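Shown here: data.txt, compact mmCIF, C-alpha atoms and all ligand atoms.
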```txt
# COMPACT_ATOMS: atom_id res chain seq x y z
CA MET A 184 -4.89 -11.03 -24.81
CA ASN A 185 -5.96 -13.67 -22.28
CA LEU A 186 -4.96 -12.18 -18.93
CA GLU A 187 -5.86 -15.27 -16.93
CA LYS A 188 -3.68 -17.48 -19.08
CA ASN A 189 -0.75 -15.08 -18.81
CA LEU A 190 -1.11 -14.79 -15.04
CA GLN A 191 -1.34 -18.55 -14.74
CA LYS A 192 1.84 -18.94 -16.81
CA LEU A 193 3.65 -16.44 -14.62
CA TYR A 194 2.42 -18.20 -11.50
CA THR A 195 3.73 -21.55 -12.74
CA LYS A 196 7.03 -20.03 -13.80
CA LEU A 197 7.62 -18.25 -10.49
CA LYS A 198 6.17 -20.84 -8.12
CA ASN A 199 9.56 -22.44 -7.57
CA ASP A 200 11.40 -19.16 -7.18
CA LEU A 201 12.15 -19.24 -3.47
CA SER A 202 14.59 -16.37 -3.42
CA GLY A 203 14.37 -13.67 -0.76
CA ASP A 204 13.44 -13.85 2.91
CA ILE A 205 10.37 -13.00 4.92
CA SER A 206 10.41 -9.99 7.18
CA THR A 207 11.38 -10.72 10.74
CA SER A 208 11.11 -7.09 11.81
CA ILE A 209 8.38 -8.08 14.25
CA PRO A 210 7.68 -11.60 15.56
CA ALA A 211 4.16 -11.75 14.08
CA LEU A 212 5.46 -11.32 10.53
CA ALA A 213 8.08 -14.02 11.02
CA LEU A 214 5.20 -16.50 11.47
CA GLN A 215 4.12 -16.20 7.84
CA ASP A 216 4.47 -19.18 5.53
CA PRO A 217 7.24 -17.85 3.26
CA ASP A 218 6.16 -19.85 0.23
CA LEU A 219 2.59 -18.61 -0.11
CA PHE A 220 1.93 -17.19 -3.54
CA ALA A 221 -1.22 -15.47 -4.74
CA ILE A 222 -2.03 -13.32 -7.74
CA SER A 223 -5.34 -11.48 -8.15
CA ALA A 224 -6.44 -9.14 -10.89
CA ALA A 225 -9.54 -6.96 -10.65
CA THR A 226 -10.83 -4.96 -13.60
CA VAL A 227 -12.66 -1.65 -13.48
CA ASP A 228 -15.88 -3.44 -14.40
CA GLY A 229 -15.55 -5.77 -11.42
CA GLN A 230 -14.22 -8.95 -13.00
CA ILE A 231 -11.80 -10.87 -10.82
CA ILE A 232 -9.12 -13.39 -11.64
CA ASN A 233 -7.67 -15.36 -8.71
CA ILE A 234 -4.66 -17.65 -8.92
CA GLY A 235 -2.94 -19.53 -6.08
CA ASP A 236 -3.35 -18.75 -2.39
CA THR A 237 -5.72 -15.84 -2.89
CA SER A 238 -7.85 -16.55 0.15
CA GLU A 239 -4.86 -16.64 2.54
CA GLU A 240 -4.84 -13.55 4.73
CA LEU A 241 -1.99 -11.13 5.15
CA THR A 242 -1.73 -7.91 7.12
CA ILE A 243 -1.83 -4.89 4.90
CA GLN A 244 1.25 -3.18 6.42
CA SER A 245 2.57 -0.28 4.35
CA ILE A 246 -0.03 -0.66 1.61
CA SER A 247 -2.39 0.94 4.14
CA LYS A 248 -0.41 4.18 3.84
CA ALA A 249 -1.82 4.83 0.36
CA PHE A 250 -5.40 4.67 1.64
CA THR A 251 -4.91 6.50 4.92
CA TYR A 252 -3.27 9.26 2.90
CA GLY A 253 -6.43 9.26 0.74
CA LEU A 254 -8.61 9.57 3.84
CA ALA A 255 -6.46 12.38 5.25
CA LEU A 256 -6.84 14.23 1.94
CA GLU A 257 -10.59 13.71 1.95
CA GLN A 258 -10.90 14.98 5.52
CA ASN A 259 -8.38 17.83 5.52
CA GLY A 260 -7.61 18.83 1.95
CA ASN A 261 -4.20 18.87 0.29
CA ASP A 262 -2.93 22.23 1.60
CA PHE A 263 -3.23 21.11 5.19
CA ILE A 264 -1.27 17.94 4.51
CA GLU A 265 1.32 19.48 2.26
CA ALA A 266 2.19 21.97 4.98
CA LYS A 267 3.33 19.06 7.13
CA VAL A 268 4.40 16.26 4.77
CA GLY A 269 6.27 16.62 1.47
CA MET A 270 6.22 14.48 -1.66
CA GLU A 271 9.83 13.79 -2.54
CA PRO A 272 11.26 10.28 -2.63
CA THR A 273 13.96 9.81 -0.01
CA GLY A 274 16.14 7.14 -1.60
CA GLU A 275 16.44 5.78 1.92
CA ASP A 276 14.90 2.95 3.88
CA PHE A 277 11.21 3.50 4.62
CA ASP A 278 11.85 3.32 8.36
CA SER A 279 15.03 5.34 8.52
CA VAL A 280 15.30 7.49 11.60
CA ILE A 281 14.65 10.35 10.62
CA LYS A 282 15.18 12.67 7.73
CA LEU A 283 13.23 15.90 7.32
CA ASP A 284 13.21 18.18 4.29
CA ASP A 285 14.22 21.86 4.19
CA GLN A 286 10.74 22.81 5.42
CA ASN A 287 10.99 20.50 8.40
CA ARG A 288 8.58 17.94 6.95
CA PRO A 289 8.91 14.19 6.54
CA PHE A 290 9.75 13.61 2.89
CA ASN A 291 6.56 11.90 1.77
CA PRO A 292 3.48 10.06 3.09
CA MET A 293 4.84 6.60 2.17
CA VAL A 294 7.88 6.56 4.46
CA ASN A 295 7.05 5.74 8.07
CA SER A 296 7.68 9.25 9.42
CA GLY A 297 5.30 10.80 6.85
CA ALA A 298 2.76 8.02 7.25
CA ILE A 299 2.62 8.39 11.04
CA VAL A 300 2.05 12.13 10.66
CA VAL A 301 -0.68 11.51 8.06
CA THR A 302 -2.40 8.95 10.30
CA GLY A 303 -2.24 11.54 13.08
CA MET A 304 -4.34 13.85 10.90
CA ILE A 305 -7.30 11.47 10.73
CA ASN A 306 -10.25 12.89 12.62
CA ALA A 307 -13.03 11.15 14.44
CA LEU A 308 -16.33 12.15 12.86
CA LYS A 309 -19.89 11.85 14.08
CA GLU A 310 -20.21 8.71 16.17
CA LYS A 311 -17.08 6.99 14.92
CA SER A 312 -13.63 6.88 16.48
CA ARG A 313 -10.54 7.62 14.41
CA GLU A 314 -9.81 3.92 14.21
CA GLU A 315 -13.34 3.19 13.00
CA GLU A 316 -12.98 5.92 10.37
CA ILE A 317 -9.84 4.28 9.02
CA ILE A 318 -11.33 0.80 9.04
CA LYS A 319 -14.51 2.03 7.37
CA TYR A 320 -12.54 3.87 4.71
CA LEU A 321 -10.23 1.00 3.77
CA SER A 322 -13.16 -1.43 3.91
CA ALA A 323 -15.05 0.65 1.34
CA PHE A 324 -12.18 0.18 -1.11
CA ALA A 325 -12.16 -3.56 -0.46
CA GLY A 326 -15.95 -3.81 -0.63
CA ARG A 327 -16.20 -5.70 2.65
CA GLU A 328 -15.64 -5.13 6.35
CA LEU A 329 -11.96 -5.54 7.22
CA THR A 330 -10.78 -6.33 10.73
CA ILE A 331 -7.58 -5.93 12.69
CA ASP A 332 -5.26 -8.84 13.37
CA ASN A 333 -4.68 -8.36 17.08
CA GLN A 334 -1.62 -10.57 17.27
CA THR A 335 0.12 -8.41 14.65
CA TYR A 336 -1.02 -5.20 16.31
CA GLU A 337 0.35 -6.32 19.69
CA SER A 338 3.57 -7.42 18.05
CA GLU A 339 3.98 -4.04 16.27
CA LYS A 340 3.27 -2.15 19.46
CA LYS A 341 5.68 -4.16 21.54
CA ASN A 342 8.50 -4.54 19.04
CA GLY A 343 8.22 -1.58 16.67
CA HIS A 344 11.13 0.20 18.35
CA LYS A 345 12.15 2.12 15.24
CA ASN A 346 8.64 3.45 14.84
CA TRP A 347 8.63 4.50 18.48
CA ALA A 348 11.93 6.27 17.86
CA ILE A 349 10.52 8.00 14.78
CA ALA A 350 7.42 9.07 16.68
CA HIS A 351 9.49 10.45 19.56
CA LEU A 352 11.60 12.45 17.12
CA LEU A 353 8.49 13.75 15.37
CA ARG A 354 7.29 14.87 18.78
CA HIS A 355 10.69 16.38 19.54
CA PHE A 356 10.48 18.45 16.34
CA LYS A 357 6.88 19.38 17.29
CA ILE A 358 5.52 17.76 14.13
CA LEU A 359 3.41 15.47 16.29
CA SER A 360 1.61 16.81 19.34
CA LYS A 361 1.94 15.66 22.94
CA ASP A 362 -0.55 12.85 22.30
CA PHE A 363 1.78 11.32 19.74
CA SER A 364 1.58 7.80 21.17
CA GLU A 365 -2.11 7.72 20.18
CA ASP A 366 -1.16 8.55 16.60
CA LEU A 367 1.47 5.84 16.60
CA ASP A 368 -0.98 3.36 18.08
CA LEU A 369 -3.45 4.15 15.31
CA TYR A 370 -0.70 3.67 12.74
CA PHE A 371 0.12 0.24 14.21
CA ARG A 372 -3.54 -0.68 14.02
CA GLN A 373 -3.95 0.40 10.41
CA CYS A 374 -0.87 -1.67 9.44
CA SER A 375 -2.44 -4.69 11.17
CA LEU A 376 -5.63 -4.77 9.12
CA LYS A 377 -5.96 -8.19 7.57
CA LEU A 378 -7.21 -8.99 4.12
CA ASN A 379 -6.59 -11.37 1.26
CA CYS A 380 -5.12 -10.87 -2.18
CA THR A 381 -8.54 -10.50 -3.81
CA ASP A 382 -9.39 -7.69 -1.37
CA LEU A 383 -6.16 -5.95 -2.26
CA ALA A 384 -6.91 -6.23 -5.98
CA LEU A 385 -10.36 -4.71 -5.43
CA MET A 386 -8.84 -1.85 -3.46
CA GLY A 387 -6.54 -1.21 -6.40
CA ALA A 388 -9.36 -1.54 -8.92
CA THR A 389 -11.23 1.16 -7.00
CA LEU A 390 -8.23 3.43 -7.47
CA ALA A 391 -8.09 2.42 -11.15
CA ASN A 392 -11.82 3.08 -11.56
CA LYS A 393 -11.86 6.81 -10.77
CA GLY A 394 -12.31 6.04 -7.10
CA ILE A 395 -15.50 4.02 -7.53
CA ASN A 396 -15.53 0.49 -6.15
CA PRO A 397 -16.34 -1.69 -9.19
CA LYS A 398 -18.36 -4.14 -7.09
CA THR A 399 -20.31 -1.98 -4.66
CA LYS A 400 -20.30 1.17 -6.87
CA GLU A 401 -19.43 3.22 -3.80
CA LYS A 402 -17.47 6.39 -4.54
CA CYS A 403 -14.48 6.21 -2.22
CA ILE A 404 -12.31 9.19 -3.11
CA GLU A 405 -12.63 12.50 -4.94
CA ARG A 406 -10.88 12.98 -8.24
CA ASN A 407 -8.18 15.46 -7.10
CA ASN A 408 -7.37 13.40 -4.05
CA LEU A 409 -7.16 10.26 -6.16
CA ARG A 410 -4.73 12.01 -8.45
CA ASN A 411 -2.57 12.95 -5.46
CA VAL A 412 -2.58 9.40 -4.10
CA LEU A 413 -1.65 7.88 -7.46
CA SER A 414 1.09 10.47 -7.99
CA VAL A 415 2.71 9.65 -4.68
CA LEU A 416 2.43 5.93 -5.41
CA PHE A 417 4.09 6.53 -8.77
CA THR A 418 7.11 8.25 -7.25
CA CYS A 419 7.38 6.83 -3.72
CA GLY A 420 5.34 3.63 -3.51
CA MET A 421 8.01 0.96 -3.80
CA TYR A 422 10.44 1.88 -1.03
CA ASN A 423 13.87 2.90 -2.24
CA TYR A 424 13.30 0.98 -5.44
CA SER A 425 10.72 3.54 -6.56
CA GLY A 426 12.94 5.19 -9.19
CA GLU A 427 13.87 1.92 -10.85
CA TRP A 428 10.27 0.76 -10.59
CA VAL A 429 9.02 3.79 -12.53
CA PHE A 430 11.84 3.37 -15.03
CA ASP A 431 11.06 -0.29 -15.72
CA ILE A 432 7.38 -0.70 -14.94
CA GLY A 433 5.96 2.81 -15.06
CA LEU A 434 2.80 2.39 -12.99
CA PRO A 435 1.60 3.56 -9.56
CA ALA A 436 2.08 0.84 -6.96
CA LYS A 437 2.59 0.16 -3.28
CA SER A 438 4.19 -2.67 -1.45
CA GLY A 439 4.29 -3.79 2.16
CA ILE A 440 6.68 -5.90 4.22
CA SER A 441 4.21 -8.72 4.66
CA GLY A 442 4.81 -9.40 0.95
CA GLY A 443 1.91 -7.64 -0.72
CA VAL A 444 2.30 -5.60 -3.88
CA LEU A 445 -0.54 -3.60 -5.37
CA MET A 446 -0.19 -2.16 -8.86
CA VAL A 447 -2.77 0.17 -10.41
CA ILE A 448 -3.39 0.53 -14.12
CA PRO A 449 -5.72 3.56 -14.22
CA GLY A 450 -8.83 3.05 -16.31
CA LEU A 451 -8.20 -0.66 -16.67
CA MET A 452 -7.48 -2.84 -13.65
CA SER A 453 -5.21 -3.59 -10.76
CA ILE A 454 -2.91 -6.49 -10.05
CA ALA A 455 -2.24 -7.66 -6.50
CA VAL A 456 0.39 -10.17 -5.49
CA TYR A 457 0.99 -11.78 -2.13
CA SER A 458 4.31 -13.56 -1.73
CA PRO A 459 6.13 -12.98 1.57
CA ARG A 460 9.74 -13.46 0.46
CA LEU A 461 11.30 -10.01 0.15
CA ASP A 462 14.33 -8.57 -1.58
CA LYS A 463 16.81 -6.41 0.32
CA ARG A 464 14.70 -3.29 -0.17
CA GLY A 465 11.62 -4.89 1.35
CA ASN A 466 9.68 -5.60 -1.85
CA SER A 467 8.18 -9.01 -2.59
CA VAL A 468 10.52 -10.79 -5.01
CA ARG A 469 7.78 -12.59 -6.93
CA GLY A 470 5.53 -9.55 -6.63
CA ILE A 471 8.00 -7.38 -8.53
CA LYS A 472 8.51 -10.06 -11.17
CA VAL A 473 4.78 -10.52 -11.83
CA CYS A 474 4.25 -6.77 -12.17
CA GLU A 475 7.29 -6.36 -14.37
CA GLU A 476 6.14 -9.03 -16.78
CA ILE A 477 2.52 -7.87 -16.91
CA SER A 478 3.62 -4.31 -17.63
CA GLU A 479 5.89 -5.61 -20.39
CA ILE A 480 3.41 -8.07 -21.97
CA TYR A 481 0.59 -5.52 -22.15
CA LYS A 482 2.78 -2.45 -22.81
CA LEU A 483 1.41 -0.66 -19.76
CA HIS A 484 4.24 1.75 -18.89
CA MET A 485 2.33 5.00 -18.46
CA LEU A 486 4.97 7.08 -20.21
CA ASP A 487 5.04 4.78 -23.20
CA TYR A 488 1.54 3.34 -23.11
CA ALA A 489 0.70 1.06 -26.01
CA GLY A 490 -1.66 -1.15 -24.05
CA PRO A 491 -5.34 -2.07 -24.17
CA SER A 492 -7.86 0.76 -24.25
CA ASN A 493 -10.57 -1.19 -22.45
CA VAL A 494 -11.15 -4.29 -20.35
CA SER A 495 -12.43 -6.44 -23.20
CA GLU A 496 -8.99 -6.24 -24.81
CA ILE A 497 -7.16 -7.80 -21.85
CA LEU A 498 -9.39 -10.69 -20.91
N1 LIG T 1 4.14 -1.81 10.17
C1 LIG T 1 5.36 -1.74 9.41
C2 LIG T 1 6.23 -0.63 9.92
O1 LIG T 1 5.72 0.42 10.15
C3 LIG T 1 5.01 -1.47 7.97
C4 LIG T 1 6.22 -1.48 7.15
C5 LIG T 1 5.98 -1.78 5.71
O2 LIG T 1 5.13 -2.57 5.32
O3 LIG T 1 6.73 -1.18 4.95
O4 LIG T 1 7.40 -0.76 10.09
```
What would you get if you wrote out this structure as structure tokens?
Amino acid sequence: MNLEKNLQKLYTKLKNDLSGDISTSIPALALQDPDLFAISAATVDGQIINIGDTSEELTIQSISKAFTYGLALEQNGNDFIEAKVGMEPTGEDFDSVIKLDDQNRPFNPMVNSGAIVVTGMINALKEKSREEEIIKYLSAFAGRELTIDNQTYESEKKNGHKNWAIAHLLRHFKILSKDFSEDLDLYFRQCSLKLNCTDLALMGATLANKGINPKTKEKCIERNNLRNVLSVLFTCGMYNYSGEWVFDIGLPAKSGISGGVLMVIPGLMSIAVYSPRLDKRGNSVRGIKVCEEISEIYKLHMLDYAGPSNVSEIL
């Protein structure tokens, strides 16, 4: 079932697809080379396939939300989080200002309002600051030390007016506390973590591998928490395309406005794509196409799974 050959074919086919535009929501993102294109696959036994610009770095942006949500679950437990953040898709833009559900909660942890609240729940432990906890946690999934891109962080902080508005409203509704600007700052920092496409694939493979990093063998997340993360990615991971995504592709995934898409095939592997040109909902155009075709070729839709039962069948 030669995965590498199929990914290579897709790469060649989509290389000249220059549809979509890069995000200009903050100046730092507008500096990206729009035509970069990388595909990485990482299997649950730690094999990696890299095609294209896989060592180019991007900032993780919204893909970080999946992992910070995981950390918040690990630190606080689900009940604590569920009391403050729901799990319904909104059908609205991820940064819309601001919609709360009938229990006065942001709709889910993947829209900005929910993600800022979740980041606000991260605690400093032992000798580490909250920021260090987040960096350490995401780095464990990637299997190497990640760092923050300061230019992007500064750009988010200075120009992220909608996020400031959301945070002020969360404070107004007393969902965030009086120190809300610290929570927002932490959120900007987590979005500014830089990594490459291979790192992203390994982060996804850790989710696919029962929470154990296939390279370092570190256990990164407990089973119940992993289930919660994957469930939210299944229903809310792809902005307001999430319903169609589940319908067509049927796998948990998360995208970010820098052009990353991370798709998880539990028990098997993950596919990561970096291609900065976005469609009107904020998803990477080529990212969606790669995932769509891989799901189709290998029959991976989770509600109609007829795909490989182990790694040796896909390589
Ligand atoms: N830092 C971006 C924001 O909060 C992340 C958006 C995204 O990737 O969806 O607006």
Which residue, A:Val301, A:Glu257, A:Leu353, A:Gln244, has the smallest gap to Ser206 (chain A) when you use only C-alpha atoms? A:Gln244
Quote the spacing between CA of Ile480 (chain A) and CA of Asn189 (chain A) in Å to one decimal place. 8.7 Å
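Nearest-residue note for ligand LIG 1 (chain T): choosing from A:Glu339, A:Glu405, A:Glu476, A:Glu427, the minimum distance belongs to A:Glu339, counting all atoms listed in the file.
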Surrounding residues as a PyMOL selection string, ligand LIG 1 (chain T), max 10 Å, only C-alpha atoms and all ligand atoms: chain A and resi 206+208-209+212+242-248+276-279+293-296+298-299+335-336+338-340+342-347+367+370-375+420-422+437-443+464-466
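Between CA of Ala348 (chain A) and CA of Phe250 (chain A) the interatomic distance comes to 23.8 Å.
A straight line drawn from CA of Val456 (chain A) to CA of Ile497 (chain A) is 18.2 Å long.
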Calculated over all atoms listed in the file, which of the candidates A:Ala350, A:Asp366, A:Lys267, A:Ala249 has the smallest distance to Asn306 (chain A)? A:Asp366
Rank nothing, just name the residue among A:His484, A:Lys400, A:Lys361, A:Arg469 nearest to Ala323 (chain A), using all atoms listed in the file. A:Lys400
Can you find the residues with an atom no farther than 9 Å from (6.8, 9.4, -16.4), counting only C-alpha atoms, and report them as a list in words? Phe417, Val429, Phe430, Gly433, Leu434, His484, Met485, Leu486 and Asp487 of chain A
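Restricting the calculation to all atoms listed in the file, the smallest distance between Tyr194 (chain A) and any of A:Lys472, A:Arg327, A:Arg288, A:Arg460 is found for A:Lys472.
When all atoms listed in the file are used to measure the gap to Gly326 (chain A), the shortest distance among A:Leu383, A:Ile349, A:Ile205, A:Leu308 belongs to A:Leu383.
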Just the residues within 12 Å of Ser322 (chain A), please, counting only C-alpha atoms, with nothing from its chain fewer than 5 positions along; format it as an MDAnalysis selection string. chainID A and resid 243 247 250:251 254 315:317 327:331 373 376:378 382:383 385:386 389 396 399 401 403
Test item: residues at most 10 Å from Ser414 (chain A), only C-alpha atoms, excluding those fewer than 5 positions along its chain, as a PyMOL selection string: chain A and resi 270+408-409+419-420+434-436
Could you work out an axis-aligned bounding box for all listed atoms of region 397-412 of chain A, with 8 Å added on each of the six sides, and give its centre and edge lengths in Å to one decimal, as JSON?
```
{"center_x": -11.4, "center_y": 5.7, "center_z": -5.7, "size_x": 33.7, "size_y": 35.6, "size_z": 23.0}
```
Could region 413-424 of chain A be completed with all heavy atoms and written as a PDB file, in the frame of the given file, please?
```pdb
ATOM      1  N   LEU A 413      -2.329   8.638  -6.388  1.00  0.00           N
ATOM      2  CA  LEU A 413      -1.650   7.880  -7.460  1.00  0.00           C
ATOM      3  C   LEU A 413      -0.287   8.497  -7.781  1.00  0.00           C
ATOM      4  O   LEU A 413       0.665   7.781  -8.082  1.00  0.00           O
ATOM      5  CB  LEU A 413      -2.530   7.811  -8.712  1.00  0.00           C
ATOM      6  CG  LEU A 413      -3.786   6.930  -8.572  1.00  0.00           C
ATOM      7  CD1 LEU A 413      -4.646   7.011  -9.833  1.00  0.00           C
ATOM      8  CD2 LEU A 413      -3.422   5.467  -8.293  1.00  0.00           C
ATOM      9  N   SER A 414      -0.200   9.813  -7.701  1.00  0.00           N
ATOM     10  CA  SER A 414       1.090  10.470  -7.990  1.00  0.00           C
ATOM     11  C   SER A 414       2.141  10.051  -6.977  1.00  0.00           C
ATOM     12  O   SER A 414       3.285   9.746  -7.336  1.00  0.00           O
ATOM     13  CB  SER A 414       0.942  11.993  -7.943  1.00  0.00           C
ATOM     14  OG  SER A 414      -0.019  12.415  -8.866  1.00  0.00           O
ATOM     15  N   VAL A 415       1.749  10.031  -5.715  1.00  0.00           N
ATOM     16  CA  VAL A 415       2.710   9.650  -4.680  1.00  0.00           C
ATOM     17  C   VAL A 415       3.077   8.163  -4.813  1.00  0.00           C
ATOM     18  O   VAL A 415       4.238   7.772  -4.619  1.00  0.00           O
ATOM     19  CB  VAL A 415       2.171   9.994  -3.271  1.00  0.00           C
ATOM     20  CG1 VAL A 415       3.039   9.399  -2.187  1.00  0.00           C
ATOM     21  CG2 VAL A 415       2.121  11.507  -3.091  1.00  0.00           C
ATOM     22  N   LEU A 416       2.103   7.346  -5.196  1.00  0.00           N
ATOM     23  CA  LEU A 416       2.430   5.930  -5.410  1.00  0.00           C
ATOM     24  C   LEU A 416       3.390   5.764  -6.583  1.00  0.00           C
ATOM     25  O   LEU A 416       4.264   4.894  -6.586  1.00  0.00           O
ATOM     26  CB  LEU A 416       1.166   5.098  -5.673  1.00  0.00           C
ATOM     27  CG  LEU A 416       0.146   5.004  -4.544  1.00  0.00           C
ATOM     28  CD1 LEU A 416      -0.889   3.930  -4.853  1.00  0.00           C
ATOM     29  CD2 LEU A 416       0.814   4.699  -3.214  1.00  0.00           C
ATOM     30  N   PHE A 417       3.222   6.592  -7.587  1.00  0.00           N
ATOM     31  CA  PHE A 417       4.090   6.530  -8.770  1.00  0.00           C
ATOM     32  C   PHE A 417       5.545   6.817  -8.401  1.00  0.00           C
ATOM     33  O   PHE A 417       6.457   6.151  -8.864  1.00  0.00           O
ATOM     34  CB  PHE A 417       3.581   7.557  -9.797  1.00  0.00           C
ATOM     35  CG  PHE A 417       4.070   7.333 -11.198  1.00  0.00           C
ATOM     36  CD1 PHE A 417       3.776   6.175 -11.898  1.00  0.00           C
ATOM     37  CD2 PHE A 417       4.798   8.321 -11.864  1.00  0.00           C
ATOM     38  CE1 PHE A 417       4.206   5.973 -13.205  1.00  0.00           C
ATOM     39  CE2 PHE A 417       5.236   8.135 -13.162  1.00  0.00           C
ATOM     40  CZ  PHE A 417       4.945   6.958 -13.841  1.00  0.00           C
ATOM     41  N   THR A 418       5.736   7.820  -7.536  1.00  0.00           N
ATOM     42  CA  THR A 418       7.110   8.250  -7.250  1.00  0.00           C
ATOM     43  C   THR A 418       7.697   7.642  -5.974  1.00  0.00           C
ATOM     44  O   THR A 418       8.908   7.567  -5.846  1.00  0.00           O
ATOM     45  CB  THR A 418       7.184   9.784  -7.103  1.00  0.00           C
ATOM     46  OG1 THR A 418       6.199  10.189  -6.135  1.00  0.00           O
ATOM     47  CG2 THR A 418       6.910  10.482  -8.421  1.00  0.00           C
ATOM     48  N   CYS A 419       6.849   7.232  -5.046  1.00  0.00           N
ATOM     49  CA  CYS A 419       7.380   6.830  -3.720  1.00  0.00           C
ATOM     50  C   CYS A 419       6.806   5.512  -3.204  1.00  0.00           C
ATOM     51  O   CYS A 419       7.005   5.187  -2.033  1.00  0.00           O
ATOM     52  CB  CYS A 419       7.040   7.897  -2.665  1.00  0.00           C
ATOM     53  SG  CYS A 419       7.487   9.570  -3.082  1.00  0.00           S
ATOM     54  N   GLY A 420       6.109   4.760  -4.031  1.00  0.00           N
ATOM     55  CA  GLY A 420       5.340   3.630  -3.510  1.00  0.00           C
ATOM     56  C   GLY A 420       6.137   2.355  -3.237  1.00  0.00           C
ATOM     57  O   GLY A 420       5.679   1.483  -2.509  1.00  0.00           O
ATOM     58  N   MET A 421       7.318   2.244  -3.843  1.00  0.00           N
ATOM     59  CA  MET A 421       8.010   0.960  -3.800  1.00  0.00           C
ATOM     60  C   MET A 421       9.334   1.065  -3.039  1.00  0.00           C
ATOM     61  O   MET A 421      10.377   0.583  -3.468  1.00  0.00           O
ATOM     62  CB  MET A 421       8.243   0.436  -5.227  1.00  0.00           C
ATOM     63  CG  MET A 421       6.949   0.194  -5.993  1.00  0.00           C
ATOM     64  SD  MET A 421       5.877  -1.057  -5.226  1.00  0.00           S
ATOM     65  CE  MET A 421       6.782  -2.563  -5.575  1.00  0.00           C
ATOM     66  N   TYR A 422       9.249   1.692  -1.871  1.00  0.00           N
ATOM     67  CA  TYR A 422      10.440   1.880  -1.030  1.00  0.00           C
ATOM     68  C   TYR A 422      11.545   2.560  -1.833  1.00  0.00           C
ATOM     69  O   TYR A 422      11.262   3.334  -2.746  1.00  0.00           O
ATOM     70  CB  TYR A 422      10.895   0.531  -0.441  1.00  0.00           C
ATOM     71  CG  TYR A 422       9.843  -0.172   0.387  1.00  0.00           C
ATOM     72  CD1 TYR A 422       9.512  -1.486   0.162  1.00  0.00           C
ATOM     73  CD2 TYR A 422       9.183   0.503   1.407  1.00  0.00           C
ATOM     74  CE1 TYR A 422       8.556  -2.144   0.938  1.00  0.00           C
ATOM     75  CE2 TYR A 422       8.223  -0.145   2.189  1.00  0.00           C
ATOM     76  CZ  TYR A 422       7.914  -1.457   1.945  1.00  0.00           C
ATOM     77  OH  TYR A 422       6.968  -2.089   2.703  1.00  0.00           O
ATOM     78  N   ASN A 423      12.801   2.230  -1.503  1.00  0.00           N
ATOM     79  CA  ASN A 423      13.870   2.900  -2.240  1.00  0.00           C
ATOM     80  C   ASN A 423      14.234   2.180  -3.541  1.00  0.00           C
ATOM     81  O   ASN A 423      15.359   2.226  -4.014  1.00  0.00           O
ATOM     82  CB  ASN A 423      15.105   3.144  -1.355  1.00  0.00           C
ATOM     83  CG  ASN A 423      15.482   1.925  -0.563  1.00  0.00           C
ATOM     84  OD1 ASN A 423      14.822   0.888  -0.666  1.00  0.00           O
ATOM     85  ND2 ASN A 423      16.530   2.008   0.218  1.00  0.00           N
ATOM     86  N   TYR A 424      13.216   1.546  -4.095  1.00  0.00           N
ATOM     87  CA  TYR A 424      13.300   0.980  -5.440  1.00  0.00           C
ATOM     88  C   TYR A 424      12.388   1.784  -6.381  1.00  0.00           C
ATOM     89  O   TYR A 424      12.254   1.474  -7.558  1.00  0.00           O
ATOM     90  CB  TYR A 424      12.834  -0.484  -5.382  1.00  0.00           C
ATOM     91  CG  TYR A 424      12.900  -1.259  -6.676  1.00  0.00           C
ATOM     92  CD1 TYR A 424      14.124  -1.557  -7.278  1.00  0.00           C
ATOM     93  CD2 TYR A 424      11.733  -1.729  -7.291  1.00  0.00           C
ATOM     94  CE1 TYR A 424      14.174  -2.283  -8.457  1.00  0.00           C
ATOM     95  CE2 TYR A 424      11.781  -2.469  -8.463  1.00  0.00           C
ATOM     96  CZ  TYR A 424      13.003  -2.741  -9.043  1.00  0.00           C
ATOM     97  OH  TYR A 424      13.057  -3.471 -10.205  1.00  0.00           O
TER      98      TYR A 424
END
```
